[in-house]
$ cat query19.cif   # mmCIF, C-alpha atoms, pLDDT in the B column; chains and numbers go by the auth columns
data_query
loop_
_atom_site.group_PDB
_atom_site.id
_atom_site.type_symbol
_atom_site.label_atom_id
_atom_site.label_comp_id
_atom_site.label_asym_id
_atom_site.label_seq_id
_atom_site.Cartn_x
_atom_site.Cartn_y
_atom_site.Cartn_z
_atom_site.B_iso_or_equiv
_atom_site.auth_seq_id
_atom_site.auth_asym_id
ATOM 1 C CA MET A 1 0.000 0.000 0.000 48.00 35 J
ATOM 2 C CA ILE A 2 1.297 3.467 -0.899 65.00 36 J
ATOM 3 C CA ASN A 3 2.168 5.462 2.194 82.00 37 J
ATOM 4 C CA ASP A 4 1.100 9.037 2.937 86.00 38 J
ATOM 5 C CA THR A 5 4.502 10.539 2.101 88.00 39 J
ATOM 6 C CA VAL A 6 4.444 9.110 -1.416 90.00 40 J
ATOM 7 C CA ILE A 7 0.870 10.306 -2.001 92.00 41 J
ATOM 8 C CA ARG A 8 1.672 13.793 -0.702 93.00 42 J
ATOM 9 C CA ASP A 9 4.720 14.014 -2.983 93.00 43 J
ATOM 10 C CA ARG A 10 2.686 12.896 -6.007 94.00 44 J
ATOM 11 C CA ILE A 11 0.016 15.500 -5.261 95.00 45 J
ATOM 12 C CA LEU A 12 2.625 18.227 -4.908 94.00 46 J
ATOM 13 C CA ARG A 13 4.515 17.222 -8.056 94.00 47 J
ATOM 14 C CA THR A 14 1.342 16.987 -10.153 95.00 48 J
ATOM 15 C CA ALA A 15 -0.011 20.283 -8.818 94.00 49 J
ATOM 16 C CA THR A 16 3.286 21.974 -9.657 93.00 50 J
ATOM 17 C CA GLU A 17 3.192 20.663 -13.232 92.00 51 J
ATOM 18 C CA GLN A 18 -0.433 21.718 -13.691 93.00 52 J
ATOM 19 C CA PHE A 19 0.026 25.208 -12.226 92.00 53 J
ATOM 20 C CA TYR A 20 3.107 25.840 -14.369 89.00 54 J
ATOM 21 C CA SER A 21 1.360 24.576 -17.491 87.00 55 J
ATOM 22 C CA HIS A 22 -2.086 26.136 -17.087 89.00 56 J
ATOM 23 C CA GLY A 23 -1.861 28.775 -14.360 88.00 57 J
ATOM 24 C CA PHE A 24 -3.422 28.745 -10.907 91.00 58 J
ATOM 25 C CA SER A 25 -6.988 29.844 -11.554 92.00 59 J
ATOM 26 C CA LYS A 26 -7.710 27.453 -14.446 91.00 60 J
ATOM 27 C CA VAL A 27 -6.592 24.298 -12.630 93.00 61 J
ATOM 28 C CA THR A 28 -9.107 22.553 -10.367 94.00 62 J
ATOM 29 C CA VAL A 29 -8.521 20.125 -7.516 95.00 63 J
ATOM 30 C CA ASP A 30 -10.648 17.604 -9.454 94.00 64 J
ATOM 31 C CA GLU A 31 -8.240 17.821 -12.408 95.00 65 J
ATOM 32 C CA ILE A 32 -5.210 17.301 -10.177 95.00 66 J
ATOM 33 C CA ALA A 33 -6.881 14.300 -8.528 95.00 67 J
ATOM 34 C CA SER A 34 -7.789 12.842 -11.933 94.00 68 J
ATOM 35 C CA LYS A 35 -4.196 13.201 -13.176 93.00 69 J
ATOM 36 C CA ILE A 36 -2.940 11.222 -10.191 93.00 70 J
ATOM 37 C CA GLY A 37 -5.782 8.699 -10.148 92.00 71 J
ATOM 38 C CA ILE A 38 -7.007 9.499 -6.638 92.00 72 J
ATOM 39 C CA SER A 39 -10.110 11.157 -5.203 92.00 73 J
ATOM 40 C CA LYS A 40 -10.439 14.847 -4.430 92.00 74 J
ATOM 41 C CA LYS A 41 -11.105 13.804 -0.836 93.00 75 J
ATOM 42 C CA THR A 42 -7.612 12.301 -0.667 93.00 76 J
ATOM 43 C CA ILE A 43 -6.063 15.605 -1.695 94.00 77 J
ATOM 44 C CA TYR A 44 -8.047 17.430 0.980 94.00 78 J
ATOM 45 C CA LYS A 45 -6.638 14.979 3.513 92.00 79 J
ATOM 46 C CA PHE A 46 -3.233 16.616 2.948 94.00 80 J
ATOM 47 C CA TYR A 47 -4.129 20.102 1.701 94.00 81 J
ATOM 48 C CA SER A 48 -7.168 21.996 2.964 93.00 82 J
ATOM 49 C CA SER A 49 -7.738 23.956 -0.258 93.00 83 J
ATOM 50 C CA LYS A 50 -6.275 24.820 -3.660 94.00 84 J
ATOM 51 C CA GLU A 51 -4.773 27.934 -2.026 94.00 85 J
ATOM 52 C CA ASP A 52 -3.078 25.705 0.558 94.00 86 J
ATOM 53 C CA LEU A 53 -1.720 23.622 -2.313 94.00 87 J
ATOM 54 C CA ILE A 54 -0.246 26.614 -4.198 94.00 88 J
ATOM 55 C CA ARG A 55 1.404 27.755 -0.972 94.00 89 J
ATOM 56 C CA ALA A 56 2.949 24.296 -0.553 95.00 90 J
ATOM 57 C CA VAL A 57 4.123 24.339 -4.183 93.00 91 J
ATOM 58 C CA THR A 58 5.692 27.770 -3.677 92.00 92 J
ATOM 59 C CA ASP A 59 7.459 26.696 -0.469 94.00 93 J
ATOM 60 C CA THR A 60 8.825 23.590 -2.196 93.00 94 J
ATOM 61 C CA VAL A 61 10.051 25.475 -5.274 89.00 95 J
ATOM 62 C CA ILE A 62 11.742 28.105 -3.084 89.00 96 J
ATOM 63 C CA ALA A 63 13.431 25.412 -0.963 91.00 97 J
ATOM 64 C CA GLU A 64 14.663 23.561 -4.072 89.00 98 J
ATOM 65 C CA THR A 65 15.893 26.818 -5.610 87.00 99 J
ATOM 66 C CA GLU A 66 17.726 27.747 -2.415 87.00 100 J
ATOM 67 C CA THR A 67 19.424 24.346 -2.315 90.00 101 J
ATOM 68 C CA GLY A 68 20.416 24.663 -5.968 88.00 102 J
ATOM 69 C CA PHE A 69 21.924 28.113 -5.453 85.00 103 J
ATOM 70 C CA ARG A 70 23.827 27.032 -2.363 86.00 104 J
ATOM 71 C CA ASP A 71 25.212 23.938 -4.070 89.00 105 J
ATOM 72 C CA ILE A 72 26.550 26.036 -6.953 86.00 106 J
ATOM 73 C CA VAL A 73 27.993 28.825 -4.803 82.00 107 J
ATOM 74 C CA GLU A 74 29.701 26.392 -2.402 85.00 108 J
ATOM 75 C CA ASP A 75 31.060 24.015 -5.061 87.00 109 J
ATOM 76 C CA ILE A 76 34.827 24.270 -4.574 85.00 110 J
ATOM 77 C CA HIS A 77 35.486 22.169 -7.666 88.00 111 J
ATOM 78 C CA LEU A 78 33.980 24.686 -10.084 84.00 112 J
ATOM 79 C CA ASP A 79 36.127 27.286 -11.787 82.00 113 J
ATOM 80 C CA PHE A 80 34.620 30.694 -10.979 79.00 114 J
ATOM 81 C CA VAL A 81 33.640 31.513 -14.563 77.00 115 J
ATOM 82 C CA GLU A 82 31.994 28.101 -14.865 81.00 116 J
ATOM 83 C CA LYS A 83 30.246 28.746 -11.546 81.00 117 J
ATOM 84 C CA LEU A 84 28.942 32.057 -12.878 78.00 118 J
ATOM 85 C CA ARG A 85 27.699 30.451 -16.088 77.00 119 J
ATOM 86 C CA LYS A 86 26.084 27.589 -14.152 83.00 120 J
ATOM 87 C CA MET A 87 24.343 30.051 -11.820 81.00 121 J
ATOM 88 C CA MET A 88 22.924 32.052 -14.714 76.00 122 J
ATOM 89 C CA THR A 89 21.769 28.874 -16.458 79.00 123 J
ATOM 90 C CA PHE A 90 20.116 27.657 -13.262 82.00 124 J
ATOM 91 C CA VAL A 91 18.148 30.881 -12.873 78.00 125 J
ATOM 92 C CA GLY A 92 17.251 30.893 -16.544 73.00 126 J
ATOM 93 C CA ILE A 93 15.819 27.378 -16.364 76.00 127 J
ATOM 94 C CA HIS A 94 13.635 28.301 -13.392 75.00 128 J
ATOM 95 C CA LEU A 95 12.436 31.511 -14.980 71.00 129 J
ATOM 96 C CA SER A 96 11.664 29.771 -18.258 69.00 130 J
ATOM 97 C CA ARG A 97 8.971 27.801 -16.422 75.00 131 J
ATOM 98 C CA LEU A 98 7.229 31.028 -15.377 73.00 132 J
ATOM 99 C CA SER A 99 4.938 32.080 -18.190 73.00 133 J
ATOM 100 C CA LYS A 100 3.630 35.637 -18.314 72.00 134 J
ATOM 101 C CA TYR A 101 0.164 34.229 -17.760 78.00 135 J
ATOM 102 C CA LEU A 102 1.168 32.360 -14.585 84.00 136 J
ATOM 103 C CA ILE A 103 2.875 35.432 -13.130 82.00 137 J
ATOM 104 C CA GLU A 104 -0.183 37.594 -13.840 84.00 138 J
ATOM 105 C CA ASP A 105 -2.465 34.865 -12.492 89.00 139 J
ATOM 106 C CA LEU A 106 -0.567 34.593 -9.213 89.00 140 J
ATOM 107 C CA GLU A 107 -0.478 38.341 -8.640 87.00 141 J
ATOM 108 C CA ARG A 108 -4.179 38.720 -9.412 90.00 142 J
ATOM 109 C CA ASN A 109 -5.572 35.662 -7.603 92.00 143 J
ATOM 110 C CA THR A 110 -3.000 34.844 -4.904 91.00 144 J
ATOM 111 C CA PRO A 111 -1.186 38.118 -4.122 91.00 145 J
ATOM 112 C CA HIS A 112 0.168 36.639 -0.878 92.00 146 J
ATOM 113 C CA VAL A 113 1.939 33.927 -2.886 91.00 147 J
ATOM 114 C CA TRP A 114 3.343 36.367 -5.432 87.00 148 J
ATOM 115 C CA SER A 115 4.516 38.599 -2.572 89.00 149 J
ATOM 116 C CA LYS A 116 6.391 35.668 -1.024 90.00 150 J
ATOM 117 C CA ILE A 117 8.047 34.878 -4.358 86.00 151 J
ATOM 118 C CA SER A 118 9.071 38.524 -4.810 83.00 152 J
ATOM 119 C CA GLU A 119 10.480 38.741 -1.274 86.00 153 J
ATOM 120 C CA TYR A 120 12.512 35.579 -1.768 86.00 154 J
ATOM 121 C CA ARG A 121 13.781 36.829 -5.117 80.00 155 J
ATOM 122 C CA THR A 122 15.066 40.041 -3.508 81.00 156 J
ATOM 123 C CA LYS A 123 16.717 38.158 -0.648 82.00 157 J
ATOM 124 C CA ASN A 124 18.290 35.743 -3.105 79.00 158 J
ATOM 125 C CA ILE A 125 19.761 38.569 -5.174 76.00 159 J
ATOM 126 C CA TYR A 126 21.541 40.216 -2.264 79.00 160 J
ATOM 127 C CA GLN A 127 22.647 36.980 -0.628 80.00 161 J
ATOM 128 C CA HIS A 128 23.802 34.689 -3.422 78.00 162 J
ATOM 129 C CA PHE A 129 24.640 37.162 -6.160 79.00 163 J
ATOM 130 C CA GLY A 130 26.322 39.446 -3.641 82.00 164 J
ATOM 131 C CA SER A 131 28.537 36.533 -2.619 82.00 165 J
ATOM 132 C CA LEU A 132 29.253 35.778 -6.265 80.00 166 J
ATOM 133 C CA ILE A 133 30.259 39.362 -7.049 81.00 167 J
ATOM 134 C CA ARG A 134 32.615 39.526 -4.043 84.00 168 J
ATOM 135 C CA GLU A 135 34.268 36.249 -5.051 82.00 169 J
ATOM 136 C CA GLY A 136 34.582 37.412 -8.650 82.00 170 J
ATOM 137 C CA ARG A 137 36.288 40.648 -7.677 84.00 171 J
ATOM 138 C CA LYS A 138 38.765 38.858 -5.401 83.00 172 J
ATOM 139 C CA LYS A 139 39.700 36.507 -8.238 81.00 173 J
ATOM 140 C CA GLY A 140 40.063 39.271 -10.802 81.00 174 J
ATOM 141 C CA ILE A 141 37.088 38.089 -12.855 80.00 175 J
ATOM 142 C CA PHE A 142 34.953 41.154 -12.166 81.00 176 J
ATOM 143 C CA ARG A 143 36.186 44.708 -12.548 80.00 177 J
ATOM 144 C CA ASN A 144 37.138 46.566 -9.358 81.00 178 J
ATOM 145 C CA ASP A 145 36.157 50.017 -10.599 81.00 179 J
ATOM 146 C CA ILE A 146 32.418 49.405 -10.081 77.00 180 J
ATOM 147 C CA ASP A 147 30.741 49.576 -6.654 81.00 181 J
ATOM 148 C CA GLU A 148 29.369 46.205 -5.524 80.00 182 J
ATOM 149 C CA GLN A 149 26.294 47.569 -3.738 83.00 183 J
ATOM 150 C CA LEU A 150 25.394 49.732 -6.713 83.00 184 J
ATOM 151 C CA VAL A 151 25.584 46.730 -9.044 81.00 185 J
ATOM 152 C CA LEU A 152 23.325 44.721 -6.727 81.00 186 J
ATOM 153 C CA MET A 153 20.824 47.579 -6.515 83.00 187 J
ATOM 154 C CA ILE A 154 20.733 47.925 -10.319 81.00 188 J
ATOM 155 C CA TYR A 155 20.328 44.169 -10.745 78.00 189 J
ATOM 156 C CA ALA A 156 17.661 43.867 -8.021 79.00 190 J
ATOM 157 C CA ASN A 157 15.641 46.765 -9.394 79.00 191 J
ATOM 158 C CA ALA A 158 15.876 45.426 -12.937 77.00 192 J
ATOM 159 C CA ILE A 159 14.610 42.004 -11.848 73.00 193 J
ATOM 160 C CA GLU A 160 11.864 43.337 -9.562 72.00 194 J
ATOM 161 C CA ASN A 161 10.605 46.083 -11.850 73.00 195 J
ATOM 162 C CA ILE A 162 10.774 44.283 -15.190 70.00 196 J
ATOM 163 C CA ILE A 163 9.974 40.657 -14.367 70.00 197 J
ATOM 164 C CA ASN A 164 6.548 41.503 -12.994 68.00 198 J
ATOM 165 C CA PRO A 165 3.059 41.086 -14.460 66.00 199 J
ATOM 166 C CA ASN A 166 2.484 44.726 -15.422 70.00 200 J
ATOM 167 C CA ILE A 167 5.707 45.067 -17.427 74.00 201 J
ATOM 168 C CA LEU A 168 5.776 41.557 -18.907 71.00 202 J
ATOM 169 C CA SER A 169 2.260 42.029 -20.266 72.00 203 J
ATOM 170 C CA GLN A 170 3.609 44.898 -22.394 77.00 204 J
ATOM 171 C CA LEU A 171 6.573 42.965 -23.790 75.00 205 J
ATOM 172 C CA PRO A 172 6.572 40.394 -26.622 78.00 206 J
ATOM 173 C CA VAL A 173 9.101 38.234 -24.766 73.00 207 J
ATOM 174 C CA THR A 174 9.190 35.657 -21.972 75.00 208 J
ATOM 175 C CA ALA A 175 10.450 36.162 -18.416 72.00 209 J
ATOM 176 C CA ASN A 176 13.536 34.122 -19.299 72.00 210 J
ATOM 177 C CA GLN A 177 14.311 36.297 -22.337 78.00 211 J
ATOM 178 C CA VAL A 178 14.016 39.399 -20.167 77.00 212 J
ATOM 179 C CA TYR A 179 16.389 37.852 -17.635 73.00 213 J
ATOM 180 C CA GLU A 180 18.932 36.937 -20.310 77.00 214 J
ATOM 181 C CA THR A 181 18.962 40.548 -21.512 80.00 215 J
ATOM 182 C CA ILE A 182 19.439 41.861 -17.962 77.00 216 J
ATOM 183 C CA ILE A 183 22.363 39.464 -17.477 74.00 217 J
ATOM 184 C CA LYS A 184 23.910 40.465 -20.797 75.00 218 J
ATOM 185 C CA VAL A 185 23.728 44.171 -19.972 75.00 219 J
ATOM 186 C CA ILE A 186 24.797 43.993 -16.318 74.00 220 J
ATOM 187 C CA PHE A 187 26.963 40.956 -15.647 70.00 221 J
ATOM 188 C CA GLU A 188 28.841 40.798 -18.928 72.00 222 J
ATOM 189 C CA GLY A 189 29.726 44.450 -18.362 74.00 223 J
ATOM 190 C CA LEU A 190 31.258 43.478 -15.017 75.00 224 J
ATOM 191 C CA LEU A 191 33.644 40.961 -16.552 75.00 225 J
ATOM 192 C CA THR A 192 37.243 41.862 -17.242 77.00 226 J
ATOM 193 C CA ASP A 193 38.340 41.489 -20.872 76.00 227 J
ATOM 194 C CA GLU A 194 40.116 38.215 -20.102 75.00 228 J
ATOM 195 C CA ALA A 195 37.134 36.747 -18.222 72.00 229 J
ATOM 196 C CA ARG A 196 34.742 37.763 -20.989 70.00 230 J
ATOM 197 C CA THR A 197 36.595 35.534 -23.468 73.00 231 J
ATOM 198 C CA ARG A 198 36.082 32.604 -21.092 67.00 232 J
ATOM 199 C CA TYR A 199 32.479 33.328 -20.154 65.00 233 J
ATOM 200 C CA LEU A 200 30.949 34.078 -23.544 60.00 234 J
ATOM 201 C CA PRO A 201 30.485 31.367 -26.195 56.00 235 J
ATOM 202 C CA LYS A 202 33.263 31.519 -28.817 47.00 236 J
ATOM 203 C CA GLU A 203 30.790 31.980 -31.673 42.00 237 J
ATOM 204 C CA LEU A 204 29.256 35.004 -29.919 41.00 238 J
ATOM 205 C CA LEU A 205 32.701 36.499 -29.353 41.00 239 J
ATOM 206 C CA ARG A 206 33.542 36.115 -33.053 46.00 240 J
ATOM 207 C CA ASN A 207 30.296 37.828 -34.004 45.00 241 J
ATOM 208 C CA ASN A 208 30.941 40.680 -31.579 45.00 242 J
ATOM 209 C CA ASN A 209 34.481 41.166 -32.881 46.00 243 J
ATOM 210 C CA ARG A 210 33.210 41.055 -36.480 48.00 244 J
ATOM 211 C CA GLN A 211 30.635 43.751 -35.722 47.00 245 J
ATOM 212 C CA GLN A 212 33.284 45.939 -34.080 46.00 246 J
ATOM 213 C CA ASP A 213 35.567 45.556 -37.118 50.00 247 J
ATOM 214 C CA GLU A 214 32.749 46.522 -39.468 49.00 248 J
ATOM 215 C CA GLU A 215 32.033 49.653 -37.406 50.00 249 J
#
$ encode --input "query19.cif" --output "structure tokens"
Amino acid sequence: MINDTVIRDRILRTATEQFYSHGFSKVTVDEIASKIGISKKTIYKFYSSKEDLIRAVTDTVIAETETGFRDIVEDIHLDFVEKLRKMMTFVGIHLSRLSKYLIEDLERNTPHVWSKISEYRTKNIYQHFGSLIREGRKKGIFRNDIDEQLVLMIYANAIENIINPNILSQLPVTANQVYETIIKVIFEGLLTDEARTRYLPKELLRNNNRQQDEE
């Protein structure tokens, strides 16, 4: 017989997939139960409501994200430039799952959940990216002529004020595409010339050099 822990995990995993795919408001508890092959009553045994379920999904995603960030930052076997690239890829993958519709849906129908996500995002920026910038400057990867706190403030404000429902609804791009542009403008500008040749893909470097020659 399947134990309660397994059932709870299946409910949480299925709910996460459904919310990411269809948004919060359009997914019903009946649909989640049907996907798993259990009754709605079984879901209510573990989660009192759909709102309780989205809170549990949010807490789980935040915990997994925090673990992922910490593992990358504390990995002593990674070269710093590789660590930077891996961090940016990790964030990009997570953001790519957030459709504009889901972000708008969460802010409109569960503002408490969206507020928690926004608060974590801000904390994450100052904690993990602050640590990354300090390490990069010590190792000569990031330029020393730019103030660390100012960079973090610019980055935090760009993330908070652009990757939000009101702004994303006006842009013909995804949250991940917005993030990639922010990274290109801010973090690539922080790299020293030597580090830039290691961080950027070789094909992109050739294209950039070709454009500069043509100008």
$ resolve_selection --input "query19.cif" --expression "the PyMOL selection byres ((chain J and resi 183-190) around 7)" --output "list in words"
Thr156, Ile159, Tyr160, Gly164, Asp181, Glu182, Asn191, Ala192, Ile193 and Glu194 of chain J
$ closest_residue --input "query19.cif" --among "J:Leu46, J:Ala229, J:Val212, J:Ile201" --to "Arg177 of chain J" --atoms "only C-alpha atoms"
J:Ala229
$ atom_distance --input "query19.cif" --atom1 "atom CA of Lys117 of chain J" --atom2 "atom CA of Ile96 of chain J"
20.4 Å
$ residues_near_point --input "query19.cif" --point "(25.3, 31.7, -2.8)" --cutoff "7 Å" --atoms "all atoms listed in the file" --output "list of chain:residue names"
J:Phe103, J:Arg104, J:Val107, J:Glu108, J:Gln161, J:His162, J:Phe163, J:Ser165, J:Leu166
$ write_last_selection --input "query19.cif" --atoms "C-alpha atoms" --output "short mmCIF file (atom, residue, chain, number, x, y, z; two decimals), in the frame of the given file"
data_model
loop_
_atom_site.label_atom_id
_atom_site.label_comp_id
_atom_site.auth_asym_id
_atom_site.auth_seq_id
_atom_site.Cartn_x
_atom_site.Cartn_y
_atom_site.Cartn_z
CA PHE J 103 21.92 28.11 -5.45
CA ARG J 104 23.83 27.03 -2.36
CA VAL J 107 27.99 28.82 -4.80
CA GLU J 108 29.70 26.39 -2.40
CA GLN J 161 22.65 36.98 -0.63
CA HIS J 162 23.80 34.69 -3.42
CA PHE J 163 24.64 37.16 -6.16
CA SER J 165 28.54 36.53 -2.62
CA LEU J 166 29.25 35.78 -6.26
#
$ residues_around --input "query19.cif" --residues "Glu141 of chain J" --least-positions-apart "3" --cutoff "12 Å" --atoms "all atoms listed in the file" --output "ChimeraX atom specification"
/J:57-59,134-138,144-152,198-200
$ write_last_selection --input "query19.cif" --atoms "C-alpha atoms" --output "PDB file, keeping the file's coordinate frame"
ATOM      1  CA  GLY J  57      -1.861  28.775 -14.360  1.00 88.00           C
ATOM      2  CA  PHE J  58      -3.422  28.745 -10.907  1.00 91.00           C
ATOM      3  CA  SER J  59      -6.988  29.844 -11.554  1.00 92.00           C
ATOM      4  CA  LYS J 134       3.630  35.637 -18.314  1.00 72.00           C
ATOM      5  CA  TYR J 135       0.164  34.229 -17.760  1.00 78.00           C
ATOM      6  CA  LEU J 136       1.168  32.360 -14.585  1.00 84.00           C
ATOM      7  CA  ILE J 137       2.875  35.432 -13.130  1.00 82.00           C
ATOM      8  CA  GLU J 138      -0.183  37.594 -13.840  1.00 84.00           C
ATOM      9  CA  THR J 144      -3.000  34.844  -4.904  1.00 91.00           C
ATOM     10  CA  PRO J 145      -1.186  38.118  -4.122  1.00 91.00           C
ATOM     11  CA  HIS J 146       0.168  36.639  -0.878  1.00 92.00           C
ATOM     12  CA  VAL J 147       1.939  33.927  -2.886  1.00 91.00           C
ATOM     13  CA  TRP J 148       3.343  36.367  -5.432  1.00 87.00           C
ATOM     14  CA  SER J 149       4.516  38.599  -2.572  1.00 89.00           C
ATOM     15  CA  LYS J 150       6.391  35.668  -1.024  1.00 90.00           C
ATOM     16  CA  ILE J 151       8.047  34.878  -4.358  1.00 86.00           C
ATOM     17  CA  SER J 152       9.071  38.524  -4.810  1.00 83.00           C
ATOM     18  CA  ASN J 198       6.548  41.503 -12.994  1.00 68.00           C
ATOM     19  CA  PRO J 199       3.059  41.086 -14.460  1.00 66.00           C
ATOM     20  CA  ASN J 200       2.484  44.726 -15.422  1.00 70.00           C
TER      21      ASN J 200
END
$ residues_around --input "query19.cif" --residues "Tyr81 of chain J" --least-positions-apart "4" --cutoff "10 Å" --atoms "all atoms listed in the file" --output "list in words"
Arg42, Ile45, Leu46, Lys75, Thr76, Ile77, Glu85, Asp86, Leu87, Ile88, Arg89 and Ala90 of chain J
$ write_last_selection --input "query19.cif" --atoms "C-alpha atoms" --output "CSV table (one decimal), in the coordinates of the input"
chain,number,residue,atom,x,y,z
J,42,ARG,CA,1.7,13.8,-0.7
J,45,ILE,CA,0.0,15.5,-5.3
J,46,LEU,CA,2.6,18.2,-4.9
J,75,LYS,CA,-11.1,13.8,-0.8
J,76,THR,CA,-7.6,12.3,-0.7
J,77,ILE,CA,-6.1,15.6,-1.7
J,85,GLU,CA,-4.8,27.9,-2.0
J,86,ASP,CA,-3.1,25.7,0.6
J,87,LEU,CA,-1.7,23.6,-2.3
J,88,ILE,CA,-0.2,26.6,-4.2
J,89,ARG,CA,1.4,27.8,-1.0
J,90,ALA,CA,2.9,24.3,-0.6
$ decode --input "query19.cif" --residues "segment 92-114 of chain J" --atoms "N, CA and C atoms" --output "PDB file, in the first residue's frame"
ATOM      1  N   THR J  92       4.764  26.634  -3.751  1.00  0.00           N
ATOM      2  CA  THR J  92       5.692  27.770  -3.677  1.00  0.00           C
ATOM      3  C   THR J  92       6.809  27.501  -2.675  1.00  0.00           C
ATOM      4  N   ASP J  93       6.449  27.001  -1.495  1.00  0.00           N
ATOM      5  CA  ASP J  93       7.459  26.696  -0.469  1.00  0.00           C
ATOM      6  C   ASP J  93       8.453  25.654  -0.973  1.00  0.00           C
ATOM      7  N   THR J  94       7.956  24.649  -1.681  1.00  0.00           N
ATOM      8  CA  THR J  94       8.825  23.590  -2.196  1.00  0.00           C
ATOM      9  C   THR J  94       9.764  24.117  -3.272  1.00  0.00           C
ATOM     10  N   VAL J  95       9.231  24.910  -4.192  1.00  0.00           N
ATOM     11  CA  VAL J  95      10.051  25.475  -5.274  1.00  0.00           C
ATOM     12  C   VAL J  95      11.129  26.389  -4.691  1.00  0.00           C
ATOM     13  N   ILE J  96      10.769  27.210  -3.713  1.00  0.00           N
ATOM     14  CA  ILE J  96      11.742  28.105  -3.084  1.00  0.00           C
ATOM     15  C   ILE J  96      12.834  27.304  -2.388  1.00  0.00           C
ATOM     16  N   ALA J  97      12.444  26.245  -1.668  1.00  0.00           N
ATOM     17  CA  ALA J  97      13.431  25.412  -0.963  1.00  0.00           C
ATOM     18  C   ALA J  97      14.372  24.731  -1.949  1.00  0.00           C
ATOM     19  N   GLU J  98      13.827  24.216  -3.060  1.00  0.00           N
ATOM     20  CA  GLU J  98      14.663  23.561  -4.072  1.00  0.00           C
ATOM     21  C   GLU J  98      15.590  24.564  -4.751  1.00  0.00           C
ATOM     22  N   THR J  99      15.076  25.772  -4.996  1.00  0.00           N
ATOM     23  CA  THR J  99      15.893  26.818  -5.610  1.00  0.00           C
ATOM     24  C   THR J  99      17.031  27.221  -4.686  1.00  0.00           C
ATOM     25  N   GLU J 100      16.710  27.373  -3.398  1.00  0.00           N
ATOM     26  CA  GLU J 100      17.726  27.747  -2.415  1.00  0.00           C
ATOM     27  C   GLU J 100      18.826  26.697  -2.348  1.00  0.00           C
ATOM     28  N   THR J 101      18.441  25.435  -2.347  1.00  0.00           N
ATOM     29  CA  THR J 101      19.424  24.346  -2.315  1.00  0.00           C
ATOM     30  C   THR J 101      20.295  24.374  -3.571  1.00  0.00           C
ATOM     31  N   GLY J 102      19.670  24.603  -4.719  1.00  0.00           N
ATOM     32  CA  GLY J 102      20.416  24.663  -5.968  1.00  0.00           C
ATOM     33  C   GLY J 102      21.429  25.789  -5.982  1.00  0.00           C
ATOM     34  N   PHE J 103      21.016  26.972  -5.522  1.00  0.00           N
ATOM     35  CA  PHE J 103      21.924  28.113  -5.453  1.00  0.00           C
ATOM     36  C   PHE J 103      23.093  27.812  -4.519  1.00  0.00           C
ATOM     37  N   ARG J 104      22.784  27.295  -3.353  1.00  0.00           N
ATOM     38  CA  ARG J 104      23.827  27.032  -2.363  1.00  0.00           C
ATOM     39  C   ARG J 104      24.824  26.006  -2.873  1.00  0.00           C
ATOM     40  N   ASP J 105      24.317  24.976  -3.545  1.00  0.00           N
ATOM     41  CA  ASP J 105      25.212  23.938  -4.070  1.00  0.00           C
ATOM     42  C   ASP J 105      26.185  24.516  -5.099  1.00  0.00           C
ATOM     43  N   ILE J 106      25.690  25.430  -5.939  1.00  0.00           N
ATOM     44  CA  ILE J 106      26.550  26.036  -6.953  1.00  0.00           C
ATOM     45  C   ILE J 106      27.575  26.970  -6.321  1.00  0.00           C
ATOM     46  N   VAL J 107      27.115  27.840  -5.433  1.00  0.00           N
ATOM     47  CA  VAL J 107      27.993  28.825  -4.803  1.00  0.00           C
ATOM     48  C   VAL J 107      29.087  28.145  -3.981  1.00  0.00           C
ATOM     49  N   GLU J 108      28.749  27.047  -3.309  1.00  0.00           N
ATOM     50  CA  GLU J 108      29.701  26.392  -2.402  1.00  0.00           C
ATOM     51  C   GLU J 108      30.512  25.287  -3.067  1.00  0.00           C
ATOM     52  N   ASP J 109      30.333  25.075  -4.356  1.00  0.00           N
ATOM     53  CA  ASP J 109      31.060  24.015  -5.061  1.00  0.00           C
ATOM     54  C   ASP J 109      32.514  24.442  -5.290  1.00  0.00           C
ATOM     55  N   ILE J 110      33.414  23.880  -4.504  1.00  0.00           N
ATOM     56  CA  ILE J 110      34.827  24.270  -4.574  1.00  0.00           C
ATOM     57  C   ILE J 110      35.527  23.696  -5.807  1.00  0.00           C
ATOM     58  N   HIS J 111      34.872  22.791  -6.499  1.00  0.00           N
ATOM     59  CA  HIS J 111      35.486  22.169  -7.666  1.00  0.00           C
ATOM     60  C   HIS J 111      35.210  22.932  -8.958  1.00  0.00           C
ATOM     61  N   LEU J 112      34.321  23.917  -8.887  1.00  0.00           N
ATOM     62  CA  LEU J 112      33.980  24.686 -10.084  1.00  0.00           C
ATOM     63  C   LEU J 112      34.903  25.888 -10.240  1.00  0.00           C
ATOM     64  N   ASP J 113      35.440  26.053 -11.437  1.00  0.00           N
ATOM     65  CA  ASP J 113      36.127  27.286 -11.787  1.00  0.00           C
ATOM     66  C   ASP J 113      35.113  28.420 -11.672  1.00  0.00           C
ATOM     67  N   PHE J 114      35.572  29.625 -11.259  1.00  0.00           N
ATOM     68  CA  PHE J 114      34.620  30.694 -10.979  1.00  0.00           C
ATOM     69  C   PHE J 114      33.778  31.059 -12.200  1.00  0.00           C
TER      70      PHE J 114
END
